[in-house]
Amino acid sequence: MKNDLKDFVALDLEVTGDNPTVDLIIKFDAVRFRNGKLPMDRFQEVCNPGAKINESTQAKTGISLSVIKKARPTDIVQAAFFHFLGGCPLIIHNAQFDMAFINAECERSHIDKFANTVIDTLTLARKTVKNAANFKLETLSAIAKISTDEPAPYQVGRLWLFLQVRASKRGLDPMLGITRENEMQA
């Protein structure tokens, strides 16, 4: 098996807090990369979790309560996202965090648990990037010379491509970033 992955979907979620058992997804933002290139294939949708959204979440995400009230329910948006994703591997920065929310929503919606391959750029960055001040997406994007003006999923996808090359040059398997199901439950 060739250990470079050029066809994938990169994802960034917006959520209402840090606890997936009580906090909720309010936006899916994803882009599909084909052959390592970014086409104009994007899934971006705000969703209505059916709960009140506090002002600090609105300020942090830039998503107003009026936009959320007009949005489709989270379970419907998540189903549409899964359709967009198809069988593609999913690339996420800090996958354990985002996947905890996706899996919690699957449970709330009584749908099958997420089964696609998930690759965490944070895990791979910690193994391949030395002397970083931190491992935030913005910091790693600057190291990889990725514009931080781009939407987060674009940065995540480009970071994955950068980290694959970096891992290969260091003799590491870029698939070290694959996150196992049991790691996402911790």
# chains A, B, ... in the order shown; residues from 1 in each chain; ligands from 1
>>> residues_around(residues="Thr57 in chain A", least_positions_apart="3", cutoff="8 Å", atoms="only C-alpha atoms", output="number ranges by chain")
A: 15-17, 53-54, 60-63
>>> residues_around(residues="Ile143 in chain A", least_positions_apart="2", cutoff="12 Å", atoms="only C-alpha atoms", output="PDB file with C-alpha atoms, in the first residue's frame")
ATOM      1  CA  ALA A 125       2.462  17.123  13.580  1.00  0.00           C
ATOM      2  CA  THR A 128       7.145  15.401  12.639  1.00  0.00           C
ATOM      3  CA  VAL A 129       7.332  19.094  13.606  1.00  0.00           C
ATOM      4  CA  LYS A 130      10.014  19.977  16.115  1.00  0.00           C
ATOM      5  CA  ASN A 131      10.465  23.291  17.930  1.00  0.00           C
ATOM      6  CA  ALA A 132       6.900  24.518  17.319  1.00  0.00           C
ATOM      7  CA  ALA A 133       5.729  27.024  19.915  1.00  0.00           C
ATOM      8  CA  ASN A 134       2.486  25.011  20.073  1.00  0.00           C
ATOM      9  CA  PHE A 135       0.493  22.706  17.839  1.00  0.00           C
ATOM     10  CA  LYS A 136      -2.458  24.949  17.085  1.00  0.00           C
ATOM     11  CA  LEU A 137      -3.636  24.943  13.492  1.00  0.00           C
ATOM     12  CA  GLU A 138      -2.633  28.586  13.036  1.00  0.00           C
ATOM     13  CA  THR A 139       0.919  27.950  14.287  1.00  0.00           C
ATOM     14  CA  LEU A 140       1.397  24.852  12.128  1.00  0.00           C
ATOM     15  CA  SER A 141      -0.060  26.635   9.110  1.00  0.00           C
ATOM     16  CA  LYS A 145       3.579  28.531   4.850  1.00  0.00           C
ATOM     17  CA  ILE A 146      -0.175  28.073   4.531  1.00  0.00           C
ATOM     18  CA  SER A 147      -2.222  31.255   4.567  1.00  0.00           C
ATOM     19  CA  THR A 148      -4.156  31.606   7.800  1.00  0.00           C
ATOM     20  CA  GLN A 155      -5.628  24.852   6.099  1.00  0.00           C
ATOM     21  CA  ARG A 158      -2.940  21.650   3.051  1.00  0.00           C
ATOM     22  CA  LEU A 159      -1.326  20.869   6.418  1.00  0.00           C
ATOM     23  CA  PHE A 162       2.727  19.177   4.081  1.00  0.00           C
ATOM     24  CA  LEU A 163       2.951  16.660   6.936  1.00  0.00           C
ATOM     25  CA  ARG A 166       7.650  15.915   6.116  1.00  0.00           C
TER      26      ARG A 166
END
>>> atom_distance(atom1="CA of Lys37 in chain A", atom2="CA of Phe84 in chain A")
17.3 Å
>>> closest_residue(among="A:Val77, A:Ala167, A:Val22, A:Val31", to="Asn48 in chain A", atoms="only C-alpha atoms")
A:Val77
>>> closest_residue(among="A:Asp7, A:Asp29, A:Asp173, A:Asp75", to="Leu124 in chain A", atoms="only C-alpha atoms")
A:Asp173
>>> atom_distance(atom1="CA of Gly87 in chain A", atom2="CA of Lys27 in chain A")
20.8 Å
>>> atom_distance(atom1="CA of Ala30 in chain A", atom2="CA of His93 in chain A")
12.1 Å
>>> select_by_dssp(residues="chain A", states="helix (DSSP H, G or I)", output="tab-separated table (two decimals) with N, CA, C and O atoms, in the first residue's frame")
chain	number	residue	atom	x	y	z
A	55	GLU	N	-24.13	33.72	24.16
A	55	GLU	CA	-23.47	34.83	23.46
A	55	GLU	C	-21.99	34.59	23.24
A	55	GLU	O	-21.44	35.00	22.22
A	56	SER	N	-21.30	33.92	24.19
A	56	SER	CA	-19.87	33.69	24.01
A	56	SER	C	-19.61	32.74	22.84
A	56	SER	O	-18.65	32.93	22.09
A	57	THR	N	-20.48	31.74	22.64
A	57	THR	CA	-20.35	30.85	21.48
A	57	THR	C	-20.59	31.62	20.20
A	57	THR	O	-19.87	31.45	19.21
A	58	GLN	N	-21.60	32.50	20.21
A	58	GLN	CA	-21.89	33.30	19.03
A	58	GLN	C	-20.70	34.20	18.69
A	58	GLN	O	-20.32	34.32	17.52
A	59	ALA	N	-20.09	34.80	19.70
A	59	ALA	CA	-18.94	35.69	19.48
A	59	ALA	C	-17.73	34.89	18.98
A	59	ALA	O	-17.04	35.32	18.05
A	60	LYS	N	-17.47	33.74	19.56
A	60	LYS	CA	-16.31	32.92	19.19
A	60	LYS	C	-16.42	32.37	17.77
A	60	LYS	O	-15.46	32.35	17.02
A	61	THR	N	-17.62	31.94	17.39
A	61	THR	CA	-17.80	31.29	16.08
A	61	THR	C	-18.22	32.26	14.99
A	61	THR	O	-18.10	31.95	13.81
A	65	LEU	N	-27.42	33.79	16.52
A	65	LEU	CA	-28.60	33.01	16.89
A	65	LEU	C	-29.64	33.04	15.77
A	65	LEU	O	-30.29	32.03	15.49
A	66	SER	N	-29.77	34.17	15.08
A	66	SER	CA	-30.75	34.25	13.99
A	66	SER	C	-30.38	33.31	12.83
A	66	SER	O	-31.27	32.71	12.23
A	67	VAL	N	-29.10	33.15	12.55
A	67	VAL	CA	-28.66	32.22	11.51
A	67	VAL	C	-28.94	30.78	11.95
A	67	VAL	O	-29.44	29.96	11.17
A	68	ILE	N	-28.65	30.46	13.19
A	68	ILE	CA	-28.88	29.11	13.71
A	68	ILE	C	-30.36	28.77	13.70
A	68	ILE	O	-30.74	27.66	13.32
A	69	LYS	N	-31.20	29.72	14.06
A	69	LYS	CA	-32.65	29.46	14.09
A	69	LYS	C	-33.21	29.11	12.72
A	69	LYS	O	-34.16	28.35	12.59
A	70	LYS	N	-32.61	29.66	11.65
A	70	LYS	CA	-33.07	29.40	10.28
A	70	LYS	C	-32.48	28.12	9.69
A	70	LYS	O	-32.90	27.67	8.63
A	74	THR	N	-29.37	19.62	13.22
A	74	THR	CA	-28.03	19.04	13.15
A	74	THR	C	-28.03	17.64	12.56
A	74	THR	O	-27.16	17.31	11.75
A	75	ASP	N	-28.98	16.79	12.93
A	75	ASP	CA	-28.97	15.42	12.41
A	75	ASP	C	-29.14	15.40	10.90
A	75	ASP	O	-28.52	14.58	10.20
A	76	ILE	N	-29.93	16.30	10.35
A	76	ILE	CA	-30.13	16.38	8.90
A	76	ILE	C	-28.85	16.88	8.21
A	76	ILE	O	-28.44	16.35	7.17
A	77	VAL	N	-28.22	17.88	8.80
A	77	VAL	CA	-26.99	18.42	8.23
A	77	VAL	C	-25.87	17.38	8.31
A	77	VAL	O	-25.11	17.19	7.35
A	78	GLN	N	-25.80	16.66	9.43
A	78	GLN	CA	-24.76	15.63	9.56
A	78	GLN	C	-24.98	14.54	8.51
A	78	GLN	O	-24.02	14.07	7.90
A	79	ALA	N	-26.21	14.14	8.28
A	79	ALA	CA	-26.49	13.13	7.23
A	79	ALA	C	-26.06	13.65	5.86
A	79	ALA	O	-25.48	12.90	5.06
A	80	ALA	N	-26.30	14.92	5.58
A	80	ALA	CA	-25.88	15.51	4.31
A	80	ALA	C	-24.35	15.54	4.21
A	80	ALA	O	-23.78	15.28	3.15
A	81	PHE	N	-23.70	15.83	5.33
A	81	PHE	CA	-22.23	15.82	5.35
A	81	PHE	C	-21.71	14.41	5.08
A	81	PHE	O	-20.78	14.22	4.29
A	82	PHE	N	-22.30	13.41	5.72
A	82	PHE	CA	-21.87	12.02	5.49
A	82	PHE	C	-22.04	11.64	4.01
A	82	PHE	O	-21.21	10.93	3.46
A	83	HIS	N	-23.11	12.11	3.39
A	83	HIS	CA	-23.32	11.86	1.97
A	83	HIS	C	-22.21	12.51	1.15
A	83	HIS	O	-21.66	11.91	0.22
A	84	PHE	N	-21.87	13.76	1.45
A	84	PHE	CA	-20.78	14.48	0.79
A	84	PHE	C	-19.46	13.72	0.97
A	84	PHE	O	-18.69	13.56	0.03
A	85	LEU	N	-19.22	13.24	2.16
A	85	LEU	CA	-17.98	12.54	2.49
A	85	LEU	C	-17.86	11.22	1.74
A	85	LEU	O	-16.78	10.88	1.25
A	95	ALA	N	-8.46	15.50	15.88
A	95	ALA	CA	-9.57	14.59	15.54
A	95	ALA	C	-10.29	14.05	16.76
A	95	ALA	O	-11.50	13.87	16.73
A	96	GLN	N	-9.58	13.80	17.83
A	96	GLN	CA	-10.23	13.26	19.02
A	96	GLN	C	-11.36	14.18	19.48
A	96	GLN	O	-12.44	13.73	19.82
A	97	PHE	N	-11.12	15.48	19.42
A	97	PHE	CA	-12.12	16.47	19.83
A	97	PHE	C	-13.33	16.45	18.88
A	97	PHE	O	-14.47	16.25	19.31
A	98	ASP	N	-13.08	16.65	17.59
A	98	ASP	CA	-14.19	16.74	16.63
A	98	ASP	C	-14.95	15.42	16.51
A	98	ASP	O	-16.18	15.40	16.42
A	99	MET	N	-14.23	14.30	16.52
A	99	MET	CA	-14.90	13.01	16.39
A	99	MET	C	-15.75	12.69	17.61
A	99	MET	O	-16.77	12.00	17.49
A	100	ALA	N	-15.38	13.18	18.77
A	100	ALA	CA	-16.23	12.99	19.95
A	100	ALA	C	-17.59	13.64	19.72
A	100	ALA	O	-18.64	13.08	20.08
A	101	PHE	N	-17.61	14.81	19.08
A	101	PHE	CA	-18.87	15.49	18.77
A	101	PHE	C	-19.65	14.76	17.68
A	101	PHE	O	-20.87	14.59	17.78
A	102	ILE	N	-18.96	14.32	16.64
A	102	ILE	CA	-19.63	13.59	15.56
A	102	ILE	C	-20.23	12.29	16.10
A	102	ILE	O	-21.40	11.98	15.81
A	103	ASN	N	-19.47	11.55	16.89
A	103	ASN	CA	-19.99	10.30	17.45
A	103	ASN	C	-21.13	10.53	18.43
A	103	ASN	O	-22.09	9.76	18.47
A	104	ALA	N	-21.05	11.60	19.22
A	104	ALA	CA	-22.15	11.92	20.14
A	104	ALA	C	-23.41	12.25	19.35
A	104	ALA	O	-24.52	11.84	19.73
A	105	GLU	N	-23.27	12.98	18.24
A	105	GLU	CA	-24.43	13.30	17.41
A	105	GLU	C	-24.99	12.04	16.75
A	105	GLU	O	-26.21	11.90	16.63
A	106	CYS	N	-24.12	11.14	16.33
A	106	CYS	CA	-24.59	9.85	15.78
A	106	CYS	C	-25.44	9.12	16.83
A	106	CYS	O	-26.51	8.60	16.51
A	107	GLU	N	-24.95	9.12	18.05
A	107	GLU	CA	-25.69	8.44	19.13
A	107	GLU	C	-27.03	9.13	19.39
A	107	GLU	O	-28.06	8.47	19.51
A	108	ARG	N	-27.03	10.45	19.47
A	108	ARG	CA	-28.28	11.19	19.70
A	108	ARG	C	-29.28	10.96	18.57
A	108	ARG	O	-30.48	10.93	18.80
A	109	SER	N	-28.77	10.81	17.35
A	109	SER	CA	-29.62	10.64	16.17
A	109	SER	C	-29.96	9.18	15.89
A	109	SER	O	-30.65	8.89	14.91
A	121	THR	N	-4.20	15.48	11.96
A	121	THR	CA	-2.99	16.25	11.66
A	121	THR	C	-2.24	16.63	12.94
A	121	THR	O	-1.02	16.77	12.92
A	122	LEU	N	-2.96	16.78	14.04
A	122	LEU	CA	-2.30	17.11	15.31
A	122	LEU	C	-1.36	15.99	15.74
A	122	LEU	O	-0.21	16.24	16.10
A	123	THR	N	-1.84	14.75	15.67
A	123	THR	CA	-1.01	13.60	16.04
A	123	THR	C	0.24	13.53	15.17
A	123	THR	O	1.35	13.36	15.68
A	124	LEU	N	0.06	13.66	13.86
A	124	LEU	CA	1.20	13.58	12.95
A	124	LEU	C	2.14	14.76	13.14
A	124	LEU	O	3.37	14.59	13.10
A	125	ALA	N	1.61	15.94	13.37
A	125	ALA	CA	2.46	17.12	13.58
A	125	ALA	C	3.34	16.95	14.82
A	125	ALA	O	4.52	17.32	14.81
A	126	ARG	N	2.78	16.39	15.87
A	126	ARG	CA	3.58	16.19	17.10
A	126	ARG	C	4.75	15.24	16.86
A	126	ARG	O	5.74	15.30	17.57
A	127	LYS	N	4.65	14.38	15.86
A	127	LYS	CA	5.72	13.42	15.56
A	127	LYS	C	6.69	13.94	14.50
A	127	LYS	O	7.77	13.39	14.35
A	128	THR	N	6.30	14.96	13.76
A	128	THR	CA	7.14	15.40	12.64
A	128	THR	C	7.61	16.85	12.72
A	128	THR	O	8.55	17.22	12.01
A	137	LEU	N	-3.57	24.92	14.95
A	137	LEU	CA	-3.64	24.94	13.49
A	137	LEU	C	-2.97	26.19	12.93
A	137	LEU	O	-2.22	26.12	11.95
A	138	GLU	N	-3.21	27.33	13.52
A	138	GLU	CA	-2.63	28.59	13.04
A	138	GLU	C	-1.10	28.56	13.07
A	138	GLU	O	-0.44	28.98	12.12
A	139	THR	N	-0.54	28.04	14.15
A	139	THR	CA	0.92	27.95	14.29
A	139	THR	C	1.51	27.01	13.24
A	139	THR	O	2.49	27.34	12.58
A	140	LEU	N	0.90	25.83	13.10
A	140	LEU	CA	1.40	24.85	12.13
A	140	LEU	C	1.22	25.35	10.70
A	140	LEU	O	2.07	25.09	9.84
A	141	SER	N	0.14	26.06	10.44
A	141	SER	CA	-0.06	26.64	9.11
A	141	SER	C	1.05	27.62	8.78
A	141	SER	O	1.56	27.64	7.66
A	142	ALA	N	1.44	28.43	9.75
A	142	ALA	CA	2.53	29.39	9.53
A	142	ALA	C	3.83	28.65	9.23
A	142	ALA	O	4.57	29.04	8.31
A	143	ILE	N	4.12	27.58	9.96
A	143	ILE	CA	5.33	26.80	9.72
A	143	ILE	C	5.31	26.21	8.31
A	143	ILE	O	6.33	26.19	7.62
A	152	ALA	N	-10.53	27.27	7.74
A	152	ALA	CA	-9.85	26.21	8.48
A	152	ALA	C	-9.76	24.88	7.74
A	152	ALA	O	-8.69	24.25	7.75
A	153	PRO	N	-10.82	24.38	7.08
A	153	PRO	CA	-10.64	23.08	6.43
A	153	PRO	C	-9.63	23.11	5.28
A	153	PRO	O	-8.96	22.12	5.02
A	154	TYR	N	-9.48	24.24	4.62
A	154	TYR	CA	-8.45	24.38	3.58
A	154	TYR	C	-7.07	24.26	4.23
A	154	TYR	O	-6.18	23.58	3.71
A	155	GLN	N	-6.89	24.93	5.37
A	155	GLN	CA	-5.63	24.85	6.10
A	155	GLN	C	-5.34	23.42	6.55
A	155	GLN	O	-4.22	22.94	6.42
A	156	VAL	N	-6.37	22.74	7.06
A	156	VAL	CA	-6.20	21.36	7.54
A	156	VAL	C	-5.76	20.46	6.39
A	156	VAL	O	-4.82	19.66	6.53
A	157	GLY	N	-6.40	20.57	5.25
A	157	GLY	CA	-6.04	19.75	4.10
A	157	GLY	C	-4.64	20.02	3.60
A	157	GLY	O	-3.85	19.11	3.33
A	158	ARG	N	-4.29	21.29	3.50
A	158	ARG	CA	-2.94	21.65	3.05
A	158	ARG	C	-1.89	21.22	4.08
A	158	ARG	O	-0.79	20.79	3.72
A	159	LEU	N	-2.24	21.32	5.37
A	159	LEU	CA	-1.33	20.87	6.42
A	159	LEU	C	-1.08	19.36	6.30
A	159	LEU	O	0.05	18.90	6.43
A	160	TRP	N	-2.13	18.59	6.02
A	160	TRP	CA	-1.98	17.14	5.84
A	160	TRP	C	-0.99	16.85	4.71
A	160	TRP	O	-0.10	16.01	4.84
A	161	LEU	N	-1.12	17.55	3.58
A	161	LEU	CA	-0.22	17.34	2.46
A	161	LEU	C	1.22	17.68	2.86
A	161	LEU	O	2.16	16.94	2.53
A	162	PHE	N	1.40	18.76	3.59
A	162	PHE	CA	2.73	19.18	4.08
A	162	PHE	C	3.30	18.12	5.02
A	162	PHE	O	4.47	17.75	4.92
A	163	LEU	N	2.47	17.63	5.95
A	163	LEU	CA	2.95	16.66	6.94
A	163	LEU	C	3.29	15.31	6.31
A	163	LEU	O	4.20	14.62	6.77
A	164	GLN	N	2.57	14.92	5.24
A	164	GLN	CA	2.91	13.68	4.54
A	164	GLN	C	4.35	13.75	4.00
A	164	GLN	O	5.12	12.81	4.17
A	165	VAL	N	4.68	14.86	3.37
A	165	VAL	CA	6.01	15.04	2.81
A	165	VAL	C	7.04	15.06	3.94
A	165	VAL	O	8.09	14.39	3.87
A	166	ARG	N	6.73	15.79	4.99
A	166	ARG	CA	7.65	15.92	6.12
A	166	ARG	C	7.91	14.55	6.77
A	166	ARG	O	9.04	14.22	7.10
A	167	ALA	N	6.86	13.77	6.95
A	167	ALA	CA	7.00	12.44	7.55
A	167	ALA	C	7.86	11.54	6.65
A	167	ALA	O	8.77	10.85	7.14
A	168	SER	N	7.58	11.58	5.36
A	168	SER	CA	8.35	10.74	4.43
A	168	SER	C	9.83	11.09	4.43
A	168	SER	O	10.68	10.21	4.41
A	169	LYS	N	10.14	12.38	4.49
A	169	LYS	CA	11.54	12.83	4.51
A	169	LYS	C	12.24	12.36	5.78
A	169	LYS	O	13.46	12.20	5.80
A	174	PRO	N	3.41	8.39	7.15
A	174	PRO	CA	2.45	9.47	7.36
A	174	PRO	C	1.13	8.98	7.95
A	174	PRO	O	0.37	9.76	8.52
A	175	MET	N	0.87	7.69	7.86
A	175	MET	CA	-0.37	7.16	8.41
A	175	MET	C	-0.32	7.06	9.94
A	175	MET	O	-1.25	6.59	10.56
A	176	LEU	N	0.78	7.55	10.54
A	176	LEU	CA	0.83	7.62	12.01
A	176	LEU	C	-0.28	8.50	12.55
A	176	LEU	O	-0.64	8.42	13.71
A	177	GLY	N	-0.83	9.35	11.69
A	177	GLY	CA	-1.90	10.24	12.11
A	177	GLY	C	-3.27	9.59	12.15
A	177	GLY	O	-4.24	10.22	12.54
A	181	GLU	N	-10.50	4.24	16.83
A	181	GLU	CA	-11.79	4.48	17.48
A	181	GLU	C	-11.65	4.59	18.99
A	181	GLU	O	-12.19	5.50	19.59
A	182	ASN	N	-10.88	3.71	19.62
A	182	ASN	CA	-10.77	3.74	21.08
A	182	ASN	C	-10.05	5.00	21.56
A	182	ASN	O	-10.30	5.46	22.67
A	183	GLU	N	-9.17	5.58	20.74
A	183	GLU	CA	-8.51	6.82	21.14
A	183	GLU	C	-9.48	7.99	21.11
A	183	GLU	O	-9.33	8.94	21.84
A	184	MET	N	-10.50	7.92	20.25
A	184	MET	CA	-11.45	9.02	20.13
A	184	MET	C	-12.48	8.99	21.25
A	184	MET	O	-13.20	9.93	21.46
>>> closest_residue(among="A:Glu45, A:Asp12, A:Asp23, A:Glu150", to="Ile92 in chain A", atoms="only C-alpha atoms")
A:Asp12
